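S.K.: Structure provided below as structure tokens; questions to follow.
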There are 2 protein chains.
Amino acid sequence: MSGNRVVDDGVDISSAASSRRHGDNLPYVHKVGAPPKQSLVKEFKSTVKETFFHDEPLRPFKNQPKSKKLLLGIQSIFPILDWGRRYKLSFLRGDIIAGLTIASLCIPQDIAYAKLANLDPQYGLYSSFVPPLVYAFMGSSRDIAIGPVAVVSLLLGTLLRNEIDPKNKHEYQRLAFTATFFAGVTQFVLGFFRLGFLIDFLSHAAIVGFMAGAAITIGLQQLKGLLGVKTFTKKTDIVSVMKSVWSNVHHGWNWETCVIGISFLAFLLLCKYIAKKKKKLFWVAAIAPLLSVIISTFFVYITRADKKGVQIVREIKQGLNPSSVHEFYFSGTYLGKGFKIGVVAGMIGLTEAVAIGRTFAAMKDYHLDGNKEMVALGSMNIIGSMTSCYVATGSFSRSAVNFMAGCNTAVSNIVMSLVVMLTLLVITPLFKYTPNAILAAIIISAVVNLFDIHAMKVIWKIDKFDFAACMGAFFGVVFVSVEIGLLIAVALSFAKILLQVTRPRTAVLGKIPRTSVYRNVQQYPEATKIPGLLIVRVDSAIYFSNANYVRERILRLLTDEEDELLKNSSHQKIEFLIIEMSPVTDIDTSGINSLEDLYKHLQKKDIKIALANPGQVVLDKLYTSGFPSLIGEDKIFLTVVDAVTTLAPKLEP
Amino acid sequence: MSGNRVVDDGVDISSAASSRRHGDNLPYVHKVGAPPKQSLVKEFKSTVKETFFHDEPLRPFKNQPKSKKLLLGIQSIFPILDWGRRYKLSFLRGDIIAGLTIASLCIPQDIAYAKLANLDPQYGLYSSFVPPLVYAFMGSSRDIAIGPVAVVSLLLGTLLRNEIDPKNKHEYQRLAFTATFFAGVTQFVLGFFRLGFLIDFLSHAAIVGFMAGAAITIGLQQLKGLLGVKTFTKKTDIVSVMKSVWSNVHHGWNWETCVIGISFLAFLLLCKYIAKKKKKLFWVAAIAPLLSVIISTFFVYITRADKKGVQIVREIKQGLNPSSVHEFYFSGTYLGKGFKIGVVAGMIGLTEAVAIGRTFAAMKDYHLDGNKEMVALGSMNIIGSMTSCYVATGSFSRSAVNFMAGCNTAVSNIVMSLVVMLTLLVITPLFKYTPNAILAAIIISAVVNLFDIHAMKVIWKIDKFDFAACMGAFFGVVFVSVEIGLLIAVALSFAKILLQVTRPRTAVLGKIPRTSVYRNVQQYPEATKIPGLLIVRVDSAIYFSNANYVRERILRLLTDEEDELLKNSSHQKIEFLIIEMSPVTDIDTSGINSLEDLYKHLQKKDIKIALANPGQVVLDKLYTSGFPSLIGEDKIFLTVVDAVTTLAPKLEP
């Protein structure tokens, strides 16, 4: 009868104590589960699945007839075939309004951003024509607005200029197309081989810092256009730029340019402010740039201010994108350089586009397959690179406007693309007298948003290391260069991951009064330790990278505990070390070696080891290595409570 | 009365159910602890401490007077001052025997290893004279035997030859000393700045594979000496070497050399086998190399076999180490190359020495401070580089012999060093007629141990990914080159860490019958899910690198669960998602964003989120971000049991 008595392992201590006193009436201890090992193939399959197909992209294909599978396959490459069939006329109004709005915003931005990339203005417009069209057919995001963006333009411009002087226009353009091609290939390959998770390695904090730094750098570059400075440094760091600006203060600035630039900048920022305060007036900020361009162009044309030193756009080539298929460098040193630049620009473009896609998908509650998006973005840039476009991606500011203007589907991108096409065909000559100062003002007012002080504050509050990474990337960009900033961002992101893996947390556990729950004594100061026992929790998989640390850390906790006992001149000795293994999700050979070393070490001190709640994988590996028979198989328990109730009686003198 | 009733959170369900039926009689739920936030400085300090000073190197300095601190400081740089004072005459016997034994082993090995590094034989002896002396004063390991080792010699030889043809003796030597100097500096700096944990990033499995590959490569290289092949490839991969050997089979081999080489190799391997079978006869293997050298040298001298094409050592320069201080390249392109080679060789040397030190320290149960060891090894190589030595480190085979011969302290290294000194001063001319074939045989019999088939088997059994890393490194070395193998080893080590961080495990929990313990339903198939609840455990810190994955994984688990309910045509809906946070040791801004996204997503499905047992750090960050007020602060519980008992009653229709 007494042998059958079931006592909960989470029983309260008083009843456990009473059963202990009875001696034969031992508490019920559930066996630790160790189901049959998975076969090698199965294990491998599950690893591959979790790594590459964790979102089950093939789920809809399951249990479908072949013809349906083919249809689904085509639809998954061209989602427009799916949502297009369900397109309602009622969507059209929103899509057209949104498309026109983002078109009015993108045309001046395109011209300005092309200058950031050291390309002629029409290339910006080209990149707002073909890529959005391609994306509309292949992409799944309903809200993203595709085209050139400030940061990628700056990055591309900086990296390309390191290789070729932009004055060698033709070579420079060829390298730009080559880089764009490889950016597309990179994006396509990452998506196709489902390696999209690689962009997750750039931490949010590092991106915030990098973007803020890029905003400052881009803003500083615009001082040239805004103030009409004639001789301007080619470096992008703040020190060089400010020196360049100040050394020109007496005879290098053009006051007419200053007046135009600064007054329109004030106007643009005011519009932005209004739109921010009243969400309904978002269109004010959206059309302000185009309005500024029209007004200032007209003004310059009337006053012929260009004769007084106000720099103007002069010429935008009329007509649609020419082919650039034969422009690629497919051999020579520029092949490698174009490839490198393309990979970097492609990754940064992806990071931005995927973040935008995810944000808006979460807002409207639809699912976005990151890898499929990458394939779409890659295809769009590959096709773009063949039609004289440079790297396009999702623009955060234009996507937000698109969203607020009530877009329903990617049709708004098609509308925008058509407007840009008309612009290229018909009205580019009208931009002749557009002053460069306006473009500078438009860029500055656009990049202000990239400096996300709110996000920085949140990062500071939540995680100081993240903030350091953020600032590292920021100062790297501002004081050195875009590449260095990016490098710092990547390096600090990795450092954080590695630090986490090398120095996992450990905690000493105690029993929370009136419960049988064991918790970190630092988090719960009321938790009490059990005399004669040290309960330690290791908060990470034990791998080669932390195996030595974990061993030494546990030994140190033990020494601390012994010191404390000595100080209290207690005669109680520690007889058992219980390792709570719940968070130990995995272990490898180094980890097992480390546990064995720990065992040897403790054996000399006459302390026994017990394990609580090892997970399935860990248990399998421990059994394979023979560790349980080393410490005694009866020393492995389902819970800390089990371990304590079983081991504690033995401590009684 | 009923309000005061304390019900254990780990109470068995029957009583919880009864209390639930009473309605007012709610179970006692302990509040989740959230102690006051740590100050920034404190937090920073603890991070620095855990990262760099986790082993508390300054613990003995605590609460000591200043003079004592100074003494301890000097002692910690020169541990000989500490153990030297406690040295007993009874130690001397063991130390002298061990010293003589390893000297007899190291002299022929030194000459042979120098050839691996493409250096003249005396440089091997130099490196067994100065570095062990320095180490004896500064190192803390009692068992390690210092000197040149096969793998580092091969690595150095390969890397140096990539830069300078060894035929340009003087330049080659200068680069070797420069590399040695920087190897020492690397080791010193890593130790001094307590960055020793960096070597932990090379996984055990990758090292096993790399070493085995190096053993094969080194063995193959010896075919030249062993068979007397005249024209030998300079590549190290197996294909090139075997081609080279076979193409020479008809007229390139020297039969006299073959006979000498193969018969002595057989003798050496036999001695090794005997020593392995009978531990007491370890000295047989230890003196066999020297014996072989003496016998074969005498034999060649008598028969003048060198006139029949048997290659001999010819000359070893007599005399002690000359100074090489003025030989370093401190400018020009070779500075950078020497630096790079030095860093690589230094790191590999460290990995080997620290592993040896730790192994024997664990056996004899004394503590070894890895970082202090690195300072000692670094100093020894810096001083070595100034006295014509090349990179020395701990030799596994000689350390094992040292241990078995009964060494007590580093005095055995001093004895060995003195024997090598006498050798250099007096008997080097006697090595003139030593045939190269003997040296080849000695190297082969020495590197056999590096091929650790037992370790490979264990790795295969325990962790398949580790085994892939091991094989990757192995085949990289064997089929391509030492550098590529090393690169693969490092890359796969990192890939494993990153994979762990990007794709953490998740588990659905169920209640184990007759207990109130919630465990993985896959590990414990008898565990039952609670209707209307989905309990998910996330097994890792939630960081930017896995935040998206974790969100999508949880959503997938939810969809699976809903599908299953549909299949069983159950009318029960999932109303609560309980996330067991015990293993979530940390969270960052991306992680919190991800949880917020999850919340938004689930809100639309009318599913509520509850958290169980968030740790201190996580809770702090969640509160800072305002997440608890989003989901409701009453949705955070101390345990899963608490969450279930509180939420489950609400599920009743």
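In the structure tokens, chains take the letters A, B, ... in the order shown, each chain's residues start at 1, and ligands count up from 1 in the order shown.
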List the spatial neighbours of region 146-149 of chain A as a PDB file with N, CA and C atoms, in the first residue's frame - criterion: any atom at most 6 Å away, only C-alpha atoms, same-chain residues fewer than 3 positions off excluded.
M.R.:
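And here's part.pdb as it stands now:
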```
ATOM      1  N   SER A 127      15.398  54.073 -62.107  1.00  0.00           N
ATOM      2  CA  SER A 127      15.298  53.081 -61.026  1.00  0.00           C
ATOM      3  C   SER A 127      13.941  53.126 -60.336  1.00  0.00           C
ATOM      4  N   SER A 128      13.143  54.162 -60.633  1.00  0.00           N
ATOM      5  CA  SER A 128      11.786  54.194 -60.088  1.00  0.00           C
ATOM      6  C   SER A 128      10.771  53.749 -61.118  1.00  0.00           C
ATOM      7  N   PRO A 132       9.962  48.941 -59.626  1.00  0.00           N
ATOM      8  CA  PRO A 132       8.637  48.825 -59.000  1.00  0.00           C
ATOM      9  C   PRO A 132       7.689  47.950 -59.823  1.00  0.00           C
ATOM     10  N   VAL A 152      21.290  53.575 -49.391  1.00  0.00           N
ATOM     11  CA  VAL A 152      21.915  52.713 -50.385  1.00  0.00           C
ATOM     12  C   VAL A 152      22.606  53.561 -51.457  1.00  0.00           C
ATOM     13  N   ALA A 392      17.730  49.435 -56.290  1.00  0.00           N
ATOM     14  CA  ALA A 392      16.485  49.934 -55.723  1.00  0.00           C
ATOM     15  C   ALA A 392      16.085  49.029 -54.572  1.00  0.00           C
ATOM     16  N   THR A 393      15.357  49.589 -53.649  1.00  0.00           N
ATOM     17  CA  THR A 393      14.867  48.783 -52.536  1.00  0.00           C
ATOM     18  C   THR A 393      13.624  49.467 -51.988  1.00  0.00           C
ATOM     19  N   GLY A 394      13.151  49.020 -50.804  1.00  0.00           N
ATOM     20  CA  GLY A 394      11.976  49.661 -50.231  1.00  0.00           C
ATOM     21  C   GLY A 394      12.366  50.939 -49.501  1.00  0.00           C
ATOM     22  N   SER A 395      11.659  52.011 -49.780  1.00  0.00           N
ATOM     23  CA  SER A 395      11.944  53.268 -49.096  1.00  0.00           C
ATOM     24  C   SER A 395      10.999  53.408 -47.914  1.00  0.00           C
TER      25      SER A 395
END
```
S.K.: Give me, as a PyMOL selection string, all polymer residues having an atom no more than 7 Å from region 191-203 of chain A, counting only C-alpha atoms and skipping those fewer than 6 positions away in the same chain.
M.R.: (chain A and resi 52+351+370-372+374-375+490+493) or (chain B and resi 544-545)
S.K.: Tell me which protein, DNA and RNA residues are within 6 Å of Met138 (chain A), counting only C-alpha atoms, leaving out same-chain ones fewer than 4 positions away, and put them as a PyMOL selection string.
M.R.: chain A and resi 78-79+376
S.K.: Any chance you could list, as an NGL selection string, the residues in region 401-595 of chain A that come up strand (DSSP E or B) when DSSP is run on the backbone?
M.R.: :A and (435 or 506-511 or 518-520 or 528 or 533-538 or 542 or 576-580 or 587)
S.K.: Pick the closest to chain B from A:Leu350, A:Ile144, A:Val41, A:Leu425: which is it, counting only C-alpha atoms?
M.R.: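 Result for the nearest residue to chain B: A:Val41.
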S.K.: Please, what distance in Å, to one decimal, runs between CA of Lys278 (chain A) and CA of Phe403 (chain A)?
M.R.: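 Straight-line distance from CA of Lys278 (chain A) to CA of Phe403 (chain A) works out to 15.4 Å.
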